[in-house]
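Visitor: Right, I'll just put the structure down here and ask away after.
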Amino acid sequence: MIIMATRGIRRKKSSLSEVKIAVFGAATVGKSALTVRFLTKRYIGEYDHQTENRYKHEAMVDGEPILFEILDTCPKNDDDDDISSVTAEHIQWADGILLVYAITDRNSFNYIRKAKVNLQPDIPLSLVGNKVDMVHLRQVSTEEGEILAKDFECKFCEISAAEHVTQVSEAFHDLCKEVLLARRKSKQSLLDRMLGGTRTYSRGKSDSALPKD
């Protein structure tokens with residue numbers, strides 16, 4: 001399902017940079033709540049965990065108009081603890097991936113840990129520990145999240161879809177910035193390879209500059 005959630009940046013579509021973000025994680029970790037909080041600033045606690053939704057949303061990121069396309073993924077079934085069932089279908093689609101677990105659910109953290117073998121090494125990632133408002137039920141420490149983020153070589157934050165608005169937006173914006181940075185590096189690398197393969201020749205003297213007999 002594709003849902004438009006644009007917020008009225010009055011630019012021609014051709015002037016927008018398009019960024020595709022896939023939100024991955026086990027069931028009930030709050031992927032949909034985080035996504036909808038970003039899109040609408042509202043919090044909705046109950047979702048159909050058996051459906052996958054795709055949203056489009058326009059926003060300004062560091063003064064640049066961005067057209068977000070966000071894929072809210074879902075495992076094939078609630079007992080599925082293998083993230084490869086999702087990444088195999090969507091990894092080629094995404095420009096960046098938001099990896100989400102719940103700090104109250106050790107299994108959801110382990111679910112994300114298994115993702116690394118299935119992800120492309122150069123795709124921008126961000127790790128989010130959700131439900132920090134339920135810290136009294138914490139099963140995963142902040143330090144564990146930080147260690148996993150170092151393993152993934154990505155940014156990490158703990159947030160609450162239920163209570164945080166700005167922090168949720170920042171999580172999506174930060175991943176968007178990583179995507180744009182990766183694109184610039186890729187273009188520069190391509191340019192460097194092209195220039196590196198270009199031969200330069202010294203211009204010889206013209207006939208008019210040669211000494212006359």
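A note on labels: chains of the structure tokens are A, B, ... as shown, every chain counts residues from 1, and ligands are counted from 1 in their shown order.
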If you count only C-alpha atoms, which residues fall within 6 Å of range 37-50 of chain A, apart from same-chain ones fewer than 3 positions away, as a compact mmCIF listing (two decimals) with N, CA and C atoms, in the first residue's frame?

Guide:
# COMPACT_ATOMS: atom_id res chain seq x y z
N ALA A 33 4.71 3.02 14.47
CA ALA A 33 4.52 4.18 15.36
C ALA A 33 5.60 5.23 15.10
N LEU A 34 6.84 4.79 14.92
CA LEU A 34 7.92 5.72 14.61
C LEU A 34 7.69 6.40 13.27
N ALA A 162 6.29 7.06 21.50
CA ALA A 162 5.12 7.52 22.26
C ALA A 162 5.31 8.94 22.80
N SER A 169 12.03 12.62 14.39
CA SER A 169 12.34 13.28 13.12
C SER A 169 13.85 13.31 12.88

Visitor: Using only C-alpha atoms, determine which residues lie at most 10 Å from Phe109 in chain A, disregarding the query and same-chain residues fewer than 2 positions distant; provide the list as an MDAnalysis selection string.

Guide: chainID A and resid 25:26 29 99:107 111:114 129 139:140 144:145 148

Visitor: So, counting only C-alpha atoms, which residue among A:Ser32, A:Ser15, A:Gln120, A:Ser108 is closest to Val168 in chain A?

Guide: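 Once distances to Val168 in chain A are computed over only C-alpha atoms, the minimum belongs to A:Ser32.
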